[in-house]
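One file, upload_34.cif, carrying mmCIF, C-alpha atoms:
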```cif
data_input
#
loop_
_atom_site.group_PDB
_atom_site.id
_atom_site.type_symbol
_atom_site.label_atom_id
_atom_site.label_comp_id
_atom_site.auth_asym_id
_atom_site.auth_seq_id
_atom_site.Cartn_x
_atom_site.Cartn_y
_atom_site.Cartn_z
ATOM 1 C CA MET A 1 0.000 0.000 0.000
ATOM 2 C CA THR A 2 1.387 3.396 -0.984
ATOM 3 C CA ALA A 3 1.458 6.489 1.230
ATOM 4 C CA GLN A 4 -1.376 7.938 -0.851
ATOM 5 C CA ASP A 5 -3.454 4.786 -0.389
ATOM 6 C CA ARG A 6 -2.912 4.882 3.375
ATOM 7 C CA LEU A 7 -3.879 8.543 3.539
ATOM 8 C CA ALA A 8 -7.000 7.909 1.467
ATOM 9 C CA ALA A 9 -8.021 5.090 3.792
ATOM 10 C CA GLU A 10 -7.541 7.396 6.789
ATOM 11 C CA LEU A 11 -9.723 10.112 5.271
ATOM 12 C CA ILE A 12 -12.421 7.594 4.339
ATOM 13 C CA ALA A 13 -12.467 6.350 7.943
ATOM 14 C CA ILE A 14 -12.747 9.906 9.293
ATOM 15 C CA GLY A 15 -15.663 10.609 6.961
ATOM 16 C CA ARG A 16 -17.437 7.495 8.249
ATOM 17 C CA LEU A 17 -16.851 8.536 11.871
ATOM 18 C CA ALA A 18 -18.126 12.056 11.207
ATOM 19 C CA GLY A 19 -21.346 10.566 9.859
ATOM 20 C CA GLN A 20 -21.730 8.128 12.733
ATOM 21 C CA ARG A 21 -21.324 10.969 15.222
ATOM 22 C CA GLY A 22 -24.001 13.132 13.619
ATOM 23 C CA LEU A 23 -21.711 15.801 12.227
ATOM 24 C CA LEU A 24 -22.859 15.570 8.595
ATOM 25 C CA TRP A 25 -25.873 16.276 6.445
ATOM 26 C CA GLY A 26 -26.350 15.804 2.711
ATOM 27 C CA THR A 27 -23.292 16.541 0.616
ATOM 28 C CA GLY A 28 -22.140 19.416 2.826
ATOM 29 C CA GLY A 29 -18.561 19.662 4.001
ATOM 30 C CA ASN A 30 -15.119 18.677 2.770
ATOM 31 C CA LEU A 31 -11.972 17.168 4.196
ATOM 32 C CA SER A 32 -8.335 16.899 3.230
ATOM 33 C CA ALA A 33 -4.944 15.734 4.407
ATOM 34 C CA ARG A 34 -1.437 16.655 3.346
ATOM 35 C CA LEU A 35 0.431 13.944 1.438
ATOM 36 C CA ASP A 36 3.715 15.860 1.355
ATOM 37 C CA ASP A 37 4.928 19.452 1.258
ATOM 38 C CA GLU A 38 3.546 20.005 -2.238
ATOM 39 C CA ARG A 39 0.372 17.875 -2.452
ATOM 40 C CA PHE A 40 -2.750 16.973 -0.528
ATOM 41 C CA LEU A 41 -5.808 14.758 -0.942
ATOM 42 C CA ILE A 42 -9.232 16.417 -0.802
ATOM 43 C CA SER A 43 -12.782 15.143 -1.109
ATOM 44 C CA ALA A 44 -14.352 15.648 -4.515
ATOM 45 C CA THR A 45 -17.215 18.065 -5.061
ATOM 46 C CA GLY A 46 -20.682 16.683 -4.439
ATOM 47 C CA THR A 47 -19.538 13.702 -2.398
ATOM 48 C CA THR A 48 -21.142 12.357 0.760
ATOM 49 C CA LEU A 49 -18.380 12.292 3.335
ATOM 50 C CA ASP A 50 -19.562 9.199 5.185
ATOM 51 C CA ALA A 51 -19.673 7.200 1.942
ATOM 52 C CA LEU A 52 -16.330 8.154 0.391
ATOM 53 C CA THR A 53 -14.400 5.765 -1.839
ATOM 54 C CA PRO A 54 -10.779 6.132 -2.973
ATOM 55 C CA GLU A 55 -12.102 7.509 -6.270
ATOM 56 C CA ASP A 56 -13.777 10.363 -4.345
ATOM 57 C CA LEU A 57 -10.431 11.729 -3.146
ATOM 58 C CA VAL A 58 -8.596 14.092 -5.469
ATOM 59 C CA LEU A 59 -4.848 14.760 -5.478
ATOM 60 C CA CYS A 60 -4.155 18.513 -5.564
ATOM 61 C CA ALA A 61 -1.152 20.807 -5.551
ATOM 62 C CA VAL A 62 -0.742 23.087 -2.556
ATOM 63 C CA GLU A 63 0.116 25.945 -4.901
ATOM 64 C CA GLY A 64 -2.432 27.197 -7.396
ATOM 65 C CA THR A 65 -5.770 28.908 -7.829
ATOM 66 C CA ARG A 66 -9.293 27.535 -8.171
ATOM 67 C CA ALA A 67 -8.928 27.927 -11.921
ATOM 68 C CA ASP A 68 -5.950 25.576 -11.832
ATOM 69 C CA GLY A 69 -8.257 22.752 -10.720
ATOM 70 C CA PRO A 70 -8.605 19.873 -10.499
ATOM 71 C CA GLU A 71 -12.161 20.496 -11.697
ATOM 72 C CA ASN A 72 -13.644 17.717 -9.541
ATOM 73 C CA ALA A 73 -12.036 18.904 -6.301
ATOM 74 C CA SER A 74 -14.223 20.383 -3.572
ATOM 75 C CA SER A 75 -15.368 23.929 -4.262
ATOM 76 C CA GLU A 76 -13.581 24.918 -1.032
ATOM 77 C CA ILE A 77 -10.168 23.832 -2.309
ATOM 78 C CA GLN A 78 -8.781 27.325 -1.701
ATOM 79 C CA VAL A 79 -9.559 27.152 2.030
ATOM 80 C CA HIS A 80 -7.410 24.032 2.232
ATOM 81 C CA ARG A 81 -4.672 25.421 -0.021
ATOM 82 C CA HIS A 82 -4.268 28.631 1.944
ATOM 83 C CA LEU A 83 -4.131 26.788 5.267
ATOM 84 C CA TYR A 84 -1.437 24.407 4.023
ATOM 85 C CA ARG A 85 0.566 27.285 2.595
ATOM 86 C CA ARG A 86 0.410 29.353 5.768
ATOM 87 C CA ARG A 87 1.030 26.603 8.313
ATOM 88 C CA ALA A 88 3.507 23.775 7.887
ATOM 89 C CA ASP A 89 2.189 22.161 11.081
ATOM 90 C CA VAL A 90 -1.280 21.634 9.598
ATOM 91 C CA ARG A 91 -1.581 18.155 8.100
ATOM 92 C CA ALA A 92 -5.374 17.887 7.900
ATOM 93 C CA VAL A 93 -8.300 20.268 7.344
ATOM 94 C CA LEU A 94 -11.951 19.520 8.077
ATOM 95 C CA HIS A 95 -14.994 21.610 7.173
ATOM 96 C CA LEU A 96 -18.357 20.208 8.252
ATOM 97 C CA SER A 97 -21.789 21.695 8.951
ATOM 98 C CA PRO A 98 -22.907 20.166 12.265
ATOM 99 C CA LEU A 99 -26.152 21.687 13.508
ATOM 100 C CA TYR A 100 -25.153 23.597 16.642
ATOM 101 C CA ALA A 101 -21.822 24.946 15.413
ATOM 102 C CA THR A 102 -23.438 26.029 12.150
ATOM 103 C CA LEU A 103 -26.225 27.724 14.099
ATOM 104 C CA ALA A 104 -23.583 29.525 16.154
ATOM 105 C CA SER A 105 -21.966 30.688 12.913
ATOM 106 C CA CYS A 106 -25.287 32.251 11.894
ATOM 107 C CA ALA A 107 -25.675 34.188 15.149
ATOM 108 C CA ASP A 108 -23.757 36.665 17.256
ATOM 109 C CA LEU A 109 -23.013 33.973 19.805
ATOM 110 C CA ALA A 110 -19.817 33.761 21.829
ATOM 111 C CA LEU A 111 -18.283 30.318 22.362
ATOM 112 C CA PRO A 112 -16.096 30.686 25.462
ATOM 113 C CA THR A 113 -13.626 27.831 25.448
ATOM 114 C CA ASP A 114 -12.839 27.927 29.169
ATOM 115 C CA LEU A 115 -16.117 26.161 30.042
ATOM 116 C CA ILE A 116 -14.828 22.576 29.902
ATOM 117 C CA PRO A 117 -11.343 21.008 29.978
ATOM 118 C CA GLU A 118 -11.671 19.543 26.479
ATOM 119 C CA SER A 119 -12.242 22.881 24.802
ATOM 120 C CA ILE A 120 -9.382 24.408 26.793
ATOM 121 C CA LEU A 121 -6.998 21.679 25.677
ATOM 122 C CA TYR A 122 -8.175 20.966 22.144
ATOM 123 C CA LEU A 123 -9.244 24.360 20.840
ATOM 124 C CA GLY A 124 -7.823 27.427 22.501
ATOM 125 C CA ASP A 125 -9.934 30.323 21.237
ATOM 126 C CA VAL A 126 -12.464 29.715 18.454
ATOM 127 C CA ALA A 127 -11.837 32.359 15.806
ATOM 128 C CA ARG A 128 -14.664 33.919 13.766
ATOM 129 C CA ILE A 129 -14.855 35.543 10.355
ATOM 130 C CA PRO A 130 -17.845 37.300 8.769
ATOM 131 C CA TYR A 131 -19.688 35.806 5.826
ATOM 132 C CA VAL A 132 -17.574 35.471 2.677
ATOM 133 C CA PRO A 133 -18.954 33.833 -0.481
ATOM 134 C CA PRO A 134 -18.154 30.106 -0.444
ATOM 135 C CA GLY A 135 -15.745 28.713 -2.984
ATOM 136 C CA SER A 136 -13.840 31.982 -3.262
ATOM 137 C CA ASP A 137 -10.152 32.665 -2.891
ATOM 138 C CA THR A 138 -11.130 35.475 -0.529
ATOM 139 C CA LEU A 139 -12.692 32.934 1.839
ATOM 140 C CA GLY A 140 -9.546 30.807 1.758
ATOM 141 C CA MET A 141 -7.369 33.766 2.671
ATOM 142 C CA ALA A 142 -9.735 34.870 5.446
ATOM 143 C CA VAL A 143 -9.843 31.416 7.029
ATOM 144 C CA ALA A 144 -6.068 31.017 6.879
ATOM 145 C CA ALA A 145 -5.532 34.451 8.440
ATOM 146 C CA ALA A 146 -8.012 33.702 11.244
ATOM 147 C CA LEU A 147 -6.306 30.369 11.907
ATOM 148 C CA ASN A 148 -2.807 31.810 11.927
ATOM 149 C CA GLU A 149 -2.116 29.895 15.160
ATOM 150 C CA GLY A 150 -5.458 28.441 16.255
ATOM 151 C CA ALA A 151 -7.317 25.184 15.736
ATOM 152 C CA ALA A 152 -10.893 26.190 14.890
ATOM 153 C CA VAL A 153 -12.777 28.967 13.136
ATOM 154 C CA LEU A 154 -16.454 29.680 12.566
ATOM 155 C CA MET A 155 -17.134 30.979 9.066
ATOM 156 C CA GLY A 156 -20.085 33.359 9.184
ATOM 157 C CA ASN A 157 -23.311 31.679 7.987
ATOM 158 C CA HIS A 158 -21.284 28.718 6.792
ATOM 159 C CA GLY A 159 -20.000 26.629 9.678
ATOM 160 C CA PRO A 160 -16.764 25.485 11.331
ATOM 161 C CA VAL A 161 -13.328 24.588 10.030
ATOM 162 C CA THR A 162 -10.843 22.704 12.186
ATOM 163 C CA VAL A 163 -7.239 21.722 11.550
ATOM 164 C CA GLY A 164 -4.902 19.157 13.028
ATOM 165 C CA THR A 165 -1.666 17.269 12.708
ATOM 166 C CA THR A 166 -3.790 14.269 11.689
ATOM 167 C CA PRO A 167 -7.322 13.835 10.326
ATOM 168 C CA ALA A 168 -8.287 12.253 13.662
ATOM 169 C CA GLU A 169 -7.130 15.338 15.569
ATOM 170 C CA ALA A 170 -9.086 17.633 13.234
ATOM 171 C CA LEU A 171 -12.191 15.493 13.833
ATOM 172 C CA ARG A 172 -11.711 15.569 17.607
ATOM 173 C CA ARG A 173 -11.556 19.343 17.449
ATOM 174 C CA MET A 174 -14.669 19.453 15.259
ATOM 175 C CA GLU A 175 -16.545 17.334 17.796
ATOM 176 C CA THR A 176 -15.386 19.673 20.563
ATOM 177 C CA VAL A 177 -16.598 22.765 18.700
ATOM 178 C CA GLU A 178 -19.970 21.123 18.116
ATOM 179 C CA PHE A 179 -20.337 20.026 21.747
ATOM 180 C CA LEU A 180 -19.336 23.478 22.983
ATOM 181 C CA ALA A 181 -21.862 25.161 20.684
ATOM 182 C CA ARG A 182 -24.554 22.732 21.810
ATOM 183 C CA LEU A 183 -23.741 23.394 25.460
ATOM 184 C CA VAL A 184 -23.895 27.182 25.057
ATOM 185 C CA LEU A 185 -27.068 27.152 22.955
ATOM 186 C CA THR A 186 -28.832 24.713 25.263
ATOM 187 C CA ALA A 187 -27.904 26.794 28.306
ATOM 188 C CA GLY A 188 -29.149 29.930 26.597
ATOM 189 C CA SER A 189 -32.484 28.399 25.638
ATOM 190 C CA ALA A 190 -32.932 27.230 29.247
ATOM 191 C CA ARG A 191 -31.831 30.652 30.569
ATOM 192 C CA ILE A 192 -28.919 29.105 32.407
ATOM 193 C CA THR A 193 -25.912 31.359 32.930
ATOM 194 C CA VAL A 194 -22.706 29.447 32.273
ATOM 195 C CA ARG A 195 -19.401 30.426 33.813
ATOM 196 C CA GLY A 196 -15.913 29.579 32.710
ATOM 197 C CA VAL A 197 -12.911 28.753 34.834
ATOM 198 C CA GLY A 198 -11.057 31.878 33.711
ATOM 199 C CA ALA A 199 -7.835 32.499 31.829
ATOM 200 C CA THR A 200 -5.534 31.691 34.765
ATOM 201 C CA ALA A 201 -7.076 28.281 35.440
ATOM 202 C CA ALA A 202 -7.212 27.507 31.719
ATOM 203 C CA GLU A 203 -3.528 28.291 31.297
ATOM 204 C CA ALA A 204 -2.669 26.208 34.378
ATOM 205 C CA LEU A 205 -4.496 23.224 32.871
ATOM 206 C CA ARG A 206 -2.687 23.584 29.549
ATOM 207 C CA HIS A 207 0.631 23.825 31.391
ATOM 208 C CA SER A 208 -0.100 20.721 33.487
ATOM 209 C CA VAL A 209 -0.864 18.702 30.335
ATOM 210 C CA TYR A 210 1.506 20.172 27.754
ATOM 211 C CA GLY A 211 4.148 21.679 29.981
ATOM 212 C CA SER A 212 4.071 25.057 28.268
#
```
Rewrite the structure from the file as structure tokens, please.
Amino acid sequence: MTAQDRLAAELIAIGRLAGQRGLLWGTGGNLSARLDDERFLISATGTTLDALTPEDLVLCAVEGTRADGPENASSEIQVHRHLYRRRADVRAVLHLSPLYATLASCADLALPTDLIPESILYLGDVARIPYVPPGSDTLGMAVAAALNEGAAVLMGNHGPVTVGTTPAEALRRMETVEFLARLVLTAGSARITVRGVGATAAEALRHSVYGS
């Protein structure tokens, strides 16, 4: 099995898990992983992420514009390209449209990440950008700028993007964003005031786990 075959199998498995965990609907979303410094695999346009086959994954160059293709690559190829160009540490990119995180992206709703240990450790701050037309190079640049150092961003009226050193890490972060959004929205609908642990306690937790 080649490195490309192994990477394709990993992405197919992540797509299946995303579906099993209720993070998908229809043909929304796209995923990718870096094969090497110059190339990455991305889901094809119009695919259902929890039913991917190797033929549904398209090999793309990191450099290039939407006009450079490939024509069958996801319409959001430029989001992935700009993230890989900006950050050598990013090896996987995941854009899904789970209900609560997408709802949060359509509202002026803060997602404080100091509410639970998982969001402190896996996310840091969740960045936000205003609505930018999907499929555009402008959106790719905006997402990459917002994720200059972070792990997750909410695209206005579009949904979340997460990154990771592996597809599994990007999925774990996506699940955390969705759970956090669900927690905040549920608390708000029940008129429950949530409180975080604060920046000092959050930093102490990160230091105890990561040592920095």
* Compile the contact shell of Gly15 (chain A) as a list in words: residues with an atom at most 10 Å away, counting all atoms listed in the file, same-chain residues fewer than 6 positions apart removed. =>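 Listing them by chain and then by number gives Ala9, Leu23, Leu24, Gly29, Asn30, Leu31, Ser43, Thr48, Leu49, Asp50, Ala51, Leu52, Leu94, Pro167 and Leu171 of chain A.
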Report as lines of an AutoDock Vina configuration file the centre and the edge lengths, in Å to one decimal, of the axis-aligned box holding every listed atom of region 145-164 of chain A, padded by 3 Å on each side.
```
center_x = -12.7
center_y = 26.8
center_z = 11.5
size_x = 27.2
size_y = 21.3
size_z = 15.5
```
* Asked: At what distance in Å, to one decimal, does CA of Ala199 (chain A) lie from CA of Thr165 (chain A)?
  ->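 These two atoms are separated by 25.2 Å.
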* Which residue of A:Ala88, A:Leu41, A:Val58, A:Val79 approaches Leu139 (chain A) most closely, using all atoms listed in the file ->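 Result for the nearest residue to Leu139 (chain A): A:Val79.
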* Measuring atom to atom with all atoms listed in the file, identify which of A:Pro54, A:Gly64, A:Pro70, A:Pro112 is nearest to Asp137 (chain A). =>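 The closest residue to Asp137 (chain A) is A:Gly64.
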* A:Ile77, A:Ala181, A:Leu147, A:Ile192: which is nearest Cys106 (chain A), counting only C-alpha atoms? ->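 The shortest atom-to-atom distance to Cys106 (chain A) comes from A:Ala181.
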* Between A:Ser75, A:Thr45, A:Thr113, A:Ser105, which one has atoms that come closest to Arg128 (chain A), using all atoms listed in the file? -> A:Ser105
* **Atomic distance CA of Leu7 (chain A) - CA of Leu59 (chain A), expressed in Å with one decimal** =>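 Answer for the CA of Leu7 (chain A) to CA of Leu59 (chain A) separation: 11.0 Å.
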* Asked: So what does the PyMOL selection byres ((chain A and resi 120) around 10) actually pick up in this one, as number ranges by chain?
  -> A: 112-119, 121-125, 176, 197, 199, 201-203, 205-206
* Go ahead and compute the interatomic distance for CA of Ser208 (chain A) and CA of Leu183 (chain A), in Å to one decimal. =>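 Computed distance, CA of Ser208 (chain A) to CA of Leu183 (chain A), equals 25.1 Å.
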Please supply region 164-198 of chain A, rebuilt with N, CA and C atoms, as an mmCIF file, in the coordinates of the input.
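Written file, rebuild.cif:
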```cif
data_model
loop_
_atom_site.group_PDB
_atom_site.id
_atom_site.type_symbol
_atom_site.label_atom_id
_atom_site.label_comp_id
_atom_site.auth_asym_id
_atom_site.auth_seq_id
_atom_site.Cartn_x
_atom_site.Cartn_y
_atom_site.Cartn_z
ATOM 1 N N GLY A 164 -5.620 20.024 12.114
ATOM 2 C CA GLY A 164 -4.902 19.157 13.028
ATOM 3 C C GLY A 164 -3.639 18.608 12.405
ATOM 4 N N THR A 165 -2.858 17.945 13.223
ATOM 5 C CA THR A 165 -1.666 17.269 12.708
ATOM 6 C C THR A 165 -2.028 15.943 12.062
ATOM 7 N N THR A 166 -3.249 15.476 12.318
ATOM 8 C CA THR A 166 -3.790 14.269 11.689
ATOM 9 C C THR A 166 -5.276 14.507 11.417
ATOM 10 N N PRO A 167 -5.873 13.731 10.507
ATOM 11 C CA PRO A 167 -7.322 13.835 10.326
ATOM 12 C C PRO A 167 -8.088 13.533 11.608
ATOM 13 N N ALA A 168 -7.609 12.592 12.409
ATOM 14 C CA ALA A 168 -8.287 12.253 13.662
ATOM 15 C C ALA A 168 -8.284 13.430 14.625
ATOM 16 N N GLU A 169 -7.181 14.170 14.679
ATOM 17 C CA GLU A 169 -7.130 15.338 15.569
ATOM 18 C C GLU A 169 -8.076 16.430 15.079
ATOM 19 N N ALA A 170 -8.150 16.644 13.772
ATOM 20 C CA ALA A 170 -9.086 17.633 13.234
ATOM 21 C C ALA A 170 -10.527 17.246 13.556
ATOM 22 N N LEU A 171 -10.841 15.948 13.497
ATOM 23 C CA LEU A 171 -12.191 15.493 13.833
ATOM 24 C C LEU A 171 -12.475 15.674 15.312
ATOM 25 N N ARG A 172 -11.517 15.370 16.168
ATOM 26 C CA ARG A 172 -11.711 15.569 17.607
ATOM 27 C C ARG A 172 -11.998 17.033 17.912
ATOM 28 N N ARG A 173 -11.312 17.922 17.245
ATOM 29 C CA ARG A 173 -11.556 19.343 17.449
ATOM 30 C C ARG A 173 -12.930 19.752 16.914
ATOM 31 N N MET A 174 -13.337 19.163 15.791
ATOM 32 C CA MET A 174 -14.669 19.453 15.259
ATOM 33 C C MET A 174 -15.744 18.993 16.239
ATOM 34 N N GLU A 175 -15.592 17.822 16.801
ATOM 35 C CA GLU A 175 -16.545 17.334 17.796
ATOM 36 C C GLU A 175 -16.592 18.259 19.005
ATOM 37 N N THR A 176 -15.447 18.784 19.403
ATOM 38 C CA THR A 176 -15.386 19.673 20.563
ATOM 39 C C THR A 176 -16.095 20.984 20.276
ATOM 40 N N VAL A 177 -15.889 21.538 19.079
ATOM 41 C CA VAL A 177 -16.598 22.765 18.700
ATOM 42 C C VAL A 177 -18.108 22.533 18.726
ATOM 43 N N GLU A 178 -18.548 21.410 18.157
ATOM 44 C CA GLU A 178 -19.970 21.123 18.116
ATOM 45 C C GLU A 178 -20.552 20.944 19.520
ATOM 46 N N PHE A 179 -19.840 20.215 20.381
ATOM 47 C CA PHE A 179 -20.337 20.026 21.747
ATOM 48 C C PHE A 179 -20.395 21.360 22.493
ATOM 49 N N LEU A 180 -19.370 22.177 22.316
ATOM 50 C CA LEU A 180 -19.336 23.478 22.983
ATOM 51 C C LEU A 180 -20.504 24.354 22.520
ATOM 52 N N ALA A 181 -20.745 24.371 21.202
ATOM 53 C CA ALA A 181 -21.862 25.161 20.684
ATOM 54 C C ALA A 181 -23.193 24.635 21.213
ATOM 55 N N ARG A 182 -23.319 23.324 21.280
ATOM 56 C CA ARG A 182 -24.554 22.732 21.810
ATOM 57 C C ARG A 182 -24.745 23.096 23.276
ATOM 58 N N LEU A 183 -23.670 23.052 24.045
ATOM 59 C CA LEU A 183 -23.741 23.394 25.460
ATOM 60 C C LEU A 183 -24.198 24.839 25.641
ATOM 61 N N VAL A 184 -23.576 25.761 24.907
ATOM 62 C CA VAL A 184 -23.895 27.182 25.057
ATOM 63 C C VAL A 184 -25.319 27.475 24.600
ATOM 64 N N LEU A 185 -25.717 26.903 23.467
ATOM 65 C CA LEU A 185 -27.068 27.152 22.955
ATOM 66 C C LEU A 185 -28.136 26.534 23.849
ATOM 67 N N THR A 186 -27.875 25.356 24.366
ATOM 68 C CA THR A 186 -28.832 24.713 25.263
ATOM 69 C C THR A 186 -28.978 25.522 26.553
ATOM 70 N N ALA A 187 -27.850 25.974 27.091
ATOM 71 C CA ALA A 187 -27.904 26.794 28.306
ATOM 72 C C ALA A 187 -28.672 28.077 28.056
ATOM 73 N N GLY A 188 -28.446 28.694 26.902
ATOM 74 C CA GLY A 188 -29.149 29.930 26.597
ATOM 75 C C GLY A 188 -30.643 29.735 26.465
ATOM 76 N N SER A 189 -31.054 28.637 25.813
ATOM 77 C CA SER A 189 -32.484 28.399 25.638
ATOM 78 C C SER A 189 -33.158 28.080 26.970
ATOM 79 N N ALA A 190 -32.392 27.529 27.915
ATOM 80 C CA ALA A 190 -32.932 27.230 29.247
ATOM 81 C C ALA A 190 -32.695 28.376 30.232
ATOM 82 N N ARG A 191 -32.136 29.478 29.740
ATOM 83 C CA ARG A 191 -31.831 30.652 30.569
ATOM 84 C C ARG A 191 -30.908 30.312 31.730
ATOM 85 N N ILE A 192 -29.946 29.459 31.432
ATOM 86 C CA ILE A 192 -28.919 29.105 32.407
ATOM 87 C C ILE A 192 -27.669 29.930 32.109
ATOM 88 N N THR A 193 -27.137 30.590 33.091
ATOM 89 C CA THR A 193 -25.912 31.359 32.930
ATOM 90 C C THR A 193 -24.716 30.447 33.156
ATOM 91 N N VAL A 194 -23.895 30.287 32.130
ATOM 92 C CA VAL A 194 -22.706 29.447 32.273
ATOM 93 C C VAL A 194 -21.536 30.307 32.728
ATOM 94 N N ARG A 195 -20.594 29.693 33.380
ATOM 95 C CA ARG A 195 -19.401 30.426 33.813
ATOM 96 C C ARG A 195 -18.172 29.588 33.501
ATOM 97 N N GLY A 196 -17.166 30.249 33.004
ATOM 98 C CA GLY A 196 -15.913 29.579 32.710
ATOM 99 C C GLY A 196 -14.986 29.566 33.903
ATOM 100 N N VAL A 197 -13.874 28.852 33.733
ATOM 101 C CA VAL A 197 -12.911 28.753 34.834
ATOM 102 C C VAL A 197 -11.964 29.938 34.853
ATOM 103 N N GLY A 198 -11.923 30.712 33.766
ATOM 104 C CA GLY A 198 -11.057 31.878 33.711
ATOM 105 C C GLY A 198 -9.722 31.582 33.049
#
```
